[in-house]
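Visitor: Can you keep this structure in mind? I'll have questions shortly.
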Amino acid sequence: MADDVTPPPTPSAPSVSQPVLHTAPAAIWSLVLAILSFTCGWLFTAIPAVICGHIARSKIRKSGGALGGKGIATAGLILGYIALVLGVTGIPLLVSMIQSDRERLRRLSTERKEIASDDGRIKVTVPGTWTKLPALNKQATLQVGDKSKQMYLIVITDAKADFPDFTLEKYHDLTRDRMWQKMKNVSATAPIPLTIDGHPALQDELTGTENGTNVVFLHTTVDDGDHFQPRMLSGDP
(Lines give C-alpha, C1' and ligand atoms only; values in the text may rest on other atoms or scores of the structure.)
Protein backbone atom coordinates (compact mmCIF):
# COMPACT_ATOMS: atom_id res chain seq x y z
CA MET A 1 0.00 0.00 0.00
CA ALA A 2 1.35 3.30 -1.03
CA ASP A 3 2.28 5.72 1.64
CA ASP A 4 -0.24 8.50 2.22
CA VAL A 5 1.12 11.75 1.00
CA THR A 6 0.01 14.86 2.90
CA PRO A 7 -0.28 17.75 0.51
CA PRO A 8 1.58 20.88 1.55
CA PRO A 9 -0.54 23.56 3.18
CA THR A 10 -1.90 26.14 0.80
CA PRO A 11 -0.37 29.51 1.61
CA SER A 12 -2.96 32.00 2.80
CA ALA A 13 -3.33 35.26 0.98
CA PRO A 14 -1.53 38.12 2.67
CA SER A 15 -3.86 40.34 4.74
CA VAL A 16 -4.28 43.88 3.50
CA SER A 17 -5.13 46.46 6.16
CA GLN A 18 -7.84 48.92 5.19
CA PRO A 19 -6.82 52.54 5.46
CA VAL A 20 -8.56 54.48 8.26
CA LEU A 21 -10.45 57.46 6.86
CA HIS A 22 -10.16 60.70 8.75
CA THR A 23 -13.22 62.93 8.79
CA ALA A 24 -12.54 66.34 7.36
CA PRO A 25 -12.68 68.89 10.24
CA ALA A 26 -14.50 71.36 7.99
CA ALA A 27 -17.33 68.84 7.60
CA ILE A 28 -17.81 68.63 11.36
CA TRP A 29 -17.71 72.40 11.68
CA SER A 30 -20.28 72.73 8.92
CA LEU A 31 -22.76 70.51 10.73
CA VAL A 32 -22.16 72.08 14.14
CA LEU A 33 -22.55 75.64 12.82
CA ALA A 34 -25.66 74.67 10.88
CA ILE A 35 -27.29 73.25 14.02
CA LEU A 36 -26.40 76.39 15.94
CA SER A 37 -28.16 78.43 13.27
CA PHE A 38 -31.48 77.01 14.46
CA THR A 39 -30.81 77.74 18.13
CA CYS A 40 -28.82 80.90 18.74
CA GLY A 41 -26.54 81.65 15.80
CA TRP A 42 -29.03 82.58 13.06
CA LEU A 43 -27.23 84.01 9.98
CA PHE A 44 -24.03 84.47 11.95
CA THR A 45 -23.47 80.70 11.92
CA ALA A 46 -25.54 79.70 8.88
CA ILE A 47 -23.21 81.46 6.44
CA PRO A 48 -20.01 79.90 7.90
CA ALA A 49 -21.80 76.51 7.92
CA VAL A 50 -22.37 76.69 4.17
CA ILE A 51 -18.81 77.85 3.52
CA CYS A 52 -17.33 75.06 5.67
CA GLY A 53 -19.57 72.52 3.94
CA HIS A 54 -18.32 73.47 0.48
CA ILE A 55 -14.69 73.50 1.65
CA ALA A 56 -15.10 70.08 3.25
CA ARG A 57 -16.64 68.50 0.14
CA SER A 58 -13.88 69.98 -2.03
CA LYS A 59 -11.11 68.65 0.21
CA ILE A 60 -12.74 65.22 0.41
CA ARG A 61 -13.04 65.04 -3.37
CA LYS A 62 -9.39 66.05 -3.90
CA SER A 63 -8.02 63.76 -1.18
CA GLY A 64 -8.34 60.63 -3.28
CA GLY A 65 -10.12 58.74 -0.54
CA ALA A 66 -7.87 59.84 2.31
CA LEU A 67 -10.57 62.01 3.86
CA GLY A 68 -14.10 61.03 4.84
CA GLY A 69 -17.14 62.88 6.13
CA LYS A 70 -18.89 63.60 2.87
CA GLY A 71 -22.26 62.77 4.42
CA ILE A 72 -21.59 65.05 7.38
CA ALA A 73 -20.57 67.89 5.08
CA THR A 74 -23.69 67.37 2.96
CA ALA A 75 -25.90 67.45 6.03
CA GLY A 76 -24.21 70.66 7.17
CA LEU A 77 -24.74 72.19 3.74
CA ILE A 78 -28.42 71.29 3.61
CA LEU A 79 -29.14 72.56 7.12
CA GLY A 80 -27.03 75.66 6.49
CA TYR A 81 -28.93 76.55 3.33
CA ILE A 82 -32.26 75.98 5.09
CA ALA A 83 -31.16 78.28 7.93
CA LEU A 84 -30.06 80.88 5.36
CA VAL A 85 -33.45 80.84 3.63
CA LEU A 86 -35.31 81.09 6.93
CA GLY A 87 -33.00 83.84 8.13
CA VAL A 88 -33.30 85.95 4.99
CA THR A 89 -37.09 85.62 4.87
CA GLY A 90 -37.27 86.46 8.57
CA ILE A 91 -35.37 89.76 8.24
CA PRO A 92 -38.42 91.78 7.04
CA LEU A 93 -40.45 90.37 9.93
CA LEU A 94 -37.73 91.28 12.43
CA VAL A 95 -37.44 94.81 11.01
CA SER A 96 -41.21 95.20 11.19
CA MET A 97 -41.24 94.07 14.82
CA ILE A 98 -38.48 96.52 15.76
CA GLN A 99 -40.24 99.40 14.00
CA SER A 100 -43.53 98.50 15.65
CA ASP A 101 -41.92 98.43 19.08
CA ARG A 102 -40.24 101.79 18.50
CA GLU A 103 -43.50 103.33 17.37
CA ARG A 104 -45.26 101.98 20.46
CA LEU A 105 -42.61 103.43 22.78
CA ARG A 106 -42.70 106.75 20.94
CA ARG A 107 -46.47 106.86 21.23
CA LEU A 108 -46.38 106.02 24.93
CA SER A 109 -43.75 108.68 25.60
CA THR A 110 -45.96 111.38 24.09
CA GLU A 111 -49.26 110.15 25.51
CA ARG A 112 -50.48 111.05 29.00
CA LYS A 113 -52.51 108.88 31.31
CA GLU A 114 -54.02 109.19 34.75
CA ILE A 115 -53.00 106.89 37.59
CA ALA A 116 -54.96 106.85 40.84
CA SER A 117 -54.12 105.61 44.32
CA ASP A 118 -55.79 102.46 45.60
CA ASP A 119 -58.39 104.46 47.50
CA GLY A 120 -59.00 106.69 44.47
CA ARG A 121 -58.39 109.93 46.41
CA ILE A 122 -55.14 110.91 44.69
CA LYS A 123 -54.71 111.04 40.93
CA VAL A 124 -51.67 112.06 38.90
CA THR A 125 -51.21 112.54 35.17
CA VAL A 126 -47.99 110.97 33.91
CA PRO A 127 -46.41 109.84 30.59
CA GLY A 128 -47.82 106.69 29.03
CA THR A 129 -44.69 104.67 29.84
CA TRP A 130 -45.13 105.18 33.60
CA THR A 131 -46.63 102.48 35.83
CA LYS A 132 -47.35 101.90 39.48
CA LEU A 133 -44.28 100.85 41.47
CA PRO A 134 -45.44 99.71 44.91
CA ALA A 135 -42.00 99.06 46.42
CA LEU A 136 -40.53 102.57 46.44
CA ASN A 137 -41.73 103.87 49.82
CA LYS A 138 -43.71 102.07 52.51
CA GLN A 139 -45.44 105.27 53.62
CA ALA A 140 -46.49 106.35 50.14
CA THR A 141 -50.14 106.57 49.17
CA LEU A 142 -49.24 106.52 45.49
CA GLN A 143 -45.93 105.70 43.82
CA VAL A 144 -45.35 105.59 40.08
CA GLY A 145 -42.39 105.81 37.74
CA ASP A 146 -40.44 104.71 34.71
CA LYS A 147 -37.58 102.40 35.70
CA SER A 148 -35.92 102.60 32.28
CA LYS A 149 -35.46 106.37 32.71
CA GLN A 150 -35.05 106.23 36.50
CA MET A 151 -37.86 108.71 37.03
CA TYR A 152 -40.13 108.28 40.06
CA LEU A 153 -43.01 110.10 41.75
CA ILE A 154 -43.96 109.42 45.36
CA VAL A 155 -47.06 110.93 47.00
CA ILE A 156 -47.51 110.76 50.78
CA THR A 157 -50.70 111.78 52.56
CA ASP A 158 -50.63 113.14 56.11
CA ALA A 159 -53.78 114.20 57.92
CA LYS A 160 -53.62 117.84 58.99
CA ALA A 161 -55.11 116.82 62.34
CA ASP A 162 -51.81 115.06 63.09
CA PHE A 163 -49.97 118.37 62.64
CA PRO A 164 -51.93 120.92 64.66
CA ASP A 165 -51.08 124.57 64.06
CA PHE A 166 -48.98 123.63 60.99
CA THR A 167 -49.33 125.88 58.01
CA LEU A 168 -48.56 124.79 54.46
CA GLU A 169 -45.25 126.66 54.66
CA LYS A 170 -44.25 125.02 57.94
CA TYR A 171 -45.15 121.52 56.79
CA HIS A 172 -43.34 122.05 53.48
CA ASP A 173 -40.21 123.10 55.38
CA LEU A 174 -40.53 119.99 57.58
CA THR A 175 -40.56 117.53 54.68
CA ARG A 176 -37.87 119.52 52.90
CA ASP A 177 -35.60 119.29 55.97
CA ARG A 178 -36.14 115.51 56.15
CA MET A 179 -35.03 115.12 52.55
CA TRP A 180 -32.11 117.50 53.11
CA GLN A 181 -30.78 115.34 55.97
CA LYS A 182 -30.73 112.20 53.78
CA MET A 183 -28.66 113.85 51.05
CA LYS A 184 -25.12 115.12 50.72
CA ASN A 185 -23.83 118.20 48.89
CA VAL A 186 -27.36 119.54 48.79
CA SER A 187 -28.48 122.70 47.06
CA ALA A 188 -32.06 123.92 46.84
CA THR A 189 -34.17 126.58 45.22
CA ALA A 190 -36.55 128.86 47.10
CA PRO A 191 -40.13 127.55 47.40
CA ILE A 192 -42.59 129.03 44.94
CA PRO A 193 -46.40 129.10 45.40
CA LEU A 194 -48.56 127.05 43.01
CA THR A 195 -52.15 125.94 42.57
CA ILE A 196 -52.67 122.20 41.88
CA ASP A 197 -56.19 120.93 41.21
CA GLY A 198 -57.54 124.09 42.84
CA HIS A 199 -55.50 123.58 46.02
CA PRO A 200 -52.64 125.78 47.28
CA ALA A 201 -49.17 124.25 46.99
CA LEU A 202 -45.48 125.02 47.39
CA GLN A 203 -42.69 123.66 45.21
CA ASP A 204 -38.90 123.73 45.26
CA GLU A 205 -36.05 121.68 43.80
CA LEU A 206 -33.32 119.85 45.70
CA THR A 207 -30.13 118.65 44.05
CA GLY A 208 -27.51 116.46 45.69
CA THR A 209 -26.18 112.96 46.26
CA GLU A 210 -28.10 110.09 47.85
CA ASN A 211 -26.49 106.67 48.39
CA GLY A 212 -23.66 107.69 46.07
CA THR A 213 -26.01 108.65 43.22
CA ASN A 214 -26.60 112.17 41.94
CA VAL A 215 -30.32 112.92 42.09
CA VAL A 216 -32.74 115.79 41.64
CA PHE A 217 -35.97 116.03 43.66
CA LEU A 218 -38.86 118.23 42.61
CA HIS A 219 -40.44 118.67 46.03
CA THR A 220 -44.09 119.74 46.06
CA THR A 221 -46.52 120.01 48.99
CA VAL A 222 -50.27 120.30 48.39
CA ASP A 223 -52.86 121.41 50.99
CA ASP A 224 -56.19 119.79 50.02
CA GLY A 225 -58.00 121.09 53.11
CA ASP A 226 -57.87 117.93 55.22
CA HIS A 227 -54.43 116.59 54.31
CA PHE A 228 -50.93 117.67 53.45
CA GLN A 229 -49.65 115.85 50.39
CA PRO A 230 -45.87 115.95 49.94
CA ARG A 231 -44.93 114.81 46.44
CA MET A 232 -41.36 113.92 45.47
CA LEU A 233 -40.49 113.63 41.80
CA SER A 234 -36.97 112.22 41.47
CA GLY A 235 -34.58 111.54 38.64
CA ASP A 236 -31.00 111.82 37.46
CA PRO A 237 -29.74 115.37 36.98
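Labels for the C-alpha coordinates follow display order: chains A, B, ..., residues from 1 in each chain, ligands from 1.
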As a ChimeraX atom specification, please: the residues near Gly145 of chain A (cut-off 8 Å, only C-alpha atoms, same-chain neighbours under 6 positions excluded).
Guide: /A:130-133,151-153
Visitor: May I have the residues from that selection written out with N, CA, C and O atoms, as a short mmCIF file (atom, residue, chain, number, x, y, z; two decimals), in the first residue's frame?
Guide:
data_model
loop_
_atom_site.label_atom_id
_atom_site.label_comp_id
_atom_site.auth_asym_id
_atom_site.auth_seq_id
_atom_site.Cartn_x
_atom_site.Cartn_y
_atom_site.Cartn_z
N TRP A 130 -45.23 105.32 32.15
CA TRP A 130 -45.13 105.18 33.60
C TRP A 130 -46.13 104.15 34.11
O TRP A 130 -47.21 103.97 33.55
N THR A 131 -45.76 103.47 35.20
CA THR A 131 -46.63 102.48 35.83
C THR A 131 -46.54 102.62 37.35
O THR A 131 -45.67 103.32 37.87
N LYS A 132 -47.43 101.93 38.03
CA LYS A 132 -47.35 101.90 39.48
C LYS A 132 -46.15 101.07 39.92
O LYS A 132 -45.90 100.00 39.37
N LEU A 133 -45.45 101.56 40.93
CA LEU A 133 -44.28 100.85 41.47
C LEU A 133 -44.46 100.79 42.99
O LEU A 133 -44.04 101.71 43.70
N MET A 151 -37.02 107.59 36.61
CA MET A 151 -37.86 108.71 37.03
C MET A 151 -38.97 108.16 37.92
O MET A 151 -39.63 107.18 37.56
N TYR A 152 -39.18 108.80 39.08
CA TYR A 152 -40.13 108.28 40.06
C TYR A 152 -40.90 109.43 40.70
O TYR A 152 -40.36 110.52 40.90
N LEU A 153 -42.17 109.14 41.03
CA LEU A 153 -43.01 110.10 41.75
C LEU A 153 -43.63 109.40 42.95
O LEU A 153 -44.28 108.36 42.80
#
Visitor: Name the residues in contact with segment 179-190 of chain A at a cut-off of 12 Å, using only C-alpha atoms, excluding same-chain residues fewer than 4 positions from it; report them as an MDAnalysis selection string.
Guide: chainID A and resid 169 172:175 202:220 230:232 234
Visitor: Kindly indicate which residue among A:Arg57, A:Leu168, A:Val126, A:Arg178 lies nearest to Asp223 of chain A, using only C-alpha atoms for the distances.
Guide: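 Between A:Arg57, A:Leu168, A:Val126, A:Arg178, the residue approaching Asp223 of chain A most closely is A:Leu168.
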Visitor: Please list as a PDB file with N, CA and C atoms, in the first residue's frame every residue within 8 Å of segment 86-95 of chain A, counting only C-alpha atoms and excluding residues in the same chain fewer than 3 positions away.
Guide:
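Saved the output as out_29.pdb:
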ATOM      1  N   TRP A  42     -28.321  81.963  14.175  1.00  0.00           N
ATOM      2  CA  TRP A  42     -29.029  82.584  13.057  1.00  0.00           C
ATOM      3  C   TRP A  42     -28.076  82.713  11.866  1.00  0.00           C
ATOM      4  N   LEU A  43     -28.071  83.856  11.169  1.00  0.00           N
ATOM      5  CA  LEU A  43     -27.230  84.012   9.979  1.00  0.00           C
ATOM      6  C   LEU A  43     -25.745  84.038  10.323  1.00  0.00           C
ATOM      7  N   ILE A  82     -30.922  75.794   4.527  1.00  0.00           N
ATOM      8  CA  ILE A  82     -32.263  75.978   5.088  1.00  0.00           C
ATOM      9  C   ILE A  82     -32.275  77.140   6.082  1.00  0.00           C
ATOM     10  N   ALA A  83     -31.243  77.193   6.949  1.00  0.00           N
ATOM     11  CA  ALA A  83     -31.158  78.282   7.927  1.00  0.00           C
ATOM     12  C   ALA A  83     -30.986  79.627   7.229  1.00  0.00           C
ATOM     13  N   ILE A  98     -39.266  95.464  15.122  1.00  0.00           N
ATOM     14  CA  ILE A  98     -38.478  96.524  15.755  1.00  0.00           C
ATOM     15  C   ILE A  98     -39.141  97.880  15.538  1.00  0.00           C
ATOM     16  N   GLN A  99     -39.584  98.139  14.298  1.00  0.00           N
ATOM     17  CA  GLN A  99     -40.245  99.396  14.004  1.00  0.00           C
ATOM     18  C   GLN A  99     -41.534  99.548  14.794  1.00  0.00           C
TER      19      GLN A  99
END
Visitor: DSSP on the backbone, then: every residue of segment 131-185 of chain A marked helix (DSSP H, G or I), written as a PyMOL selection string.
Guide: chain A and resi 147-149+160-162+168-182
Visitor: For Asp224 of chain A, which residue out of A:Arg112, A:Tyr171, A:Lys160, A:Glu103 is the nearest one, using only C-alpha atoms?
Guide: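 For Asp224 of chain A, the nearest of the candidates is A:Lys160.
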Visitor: Atom CA of Ile35 of chain A and atom CA of Ala56 of chain A are how many Å apart?
Guide: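 Rounded to one decimal, the two atoms are 16.6 Å apart.
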Visitor: Hey, can you check how far atom CA of Val155 of chain A sits from atom CA of Asp197 of chain A?
Guide: 14.7 Å
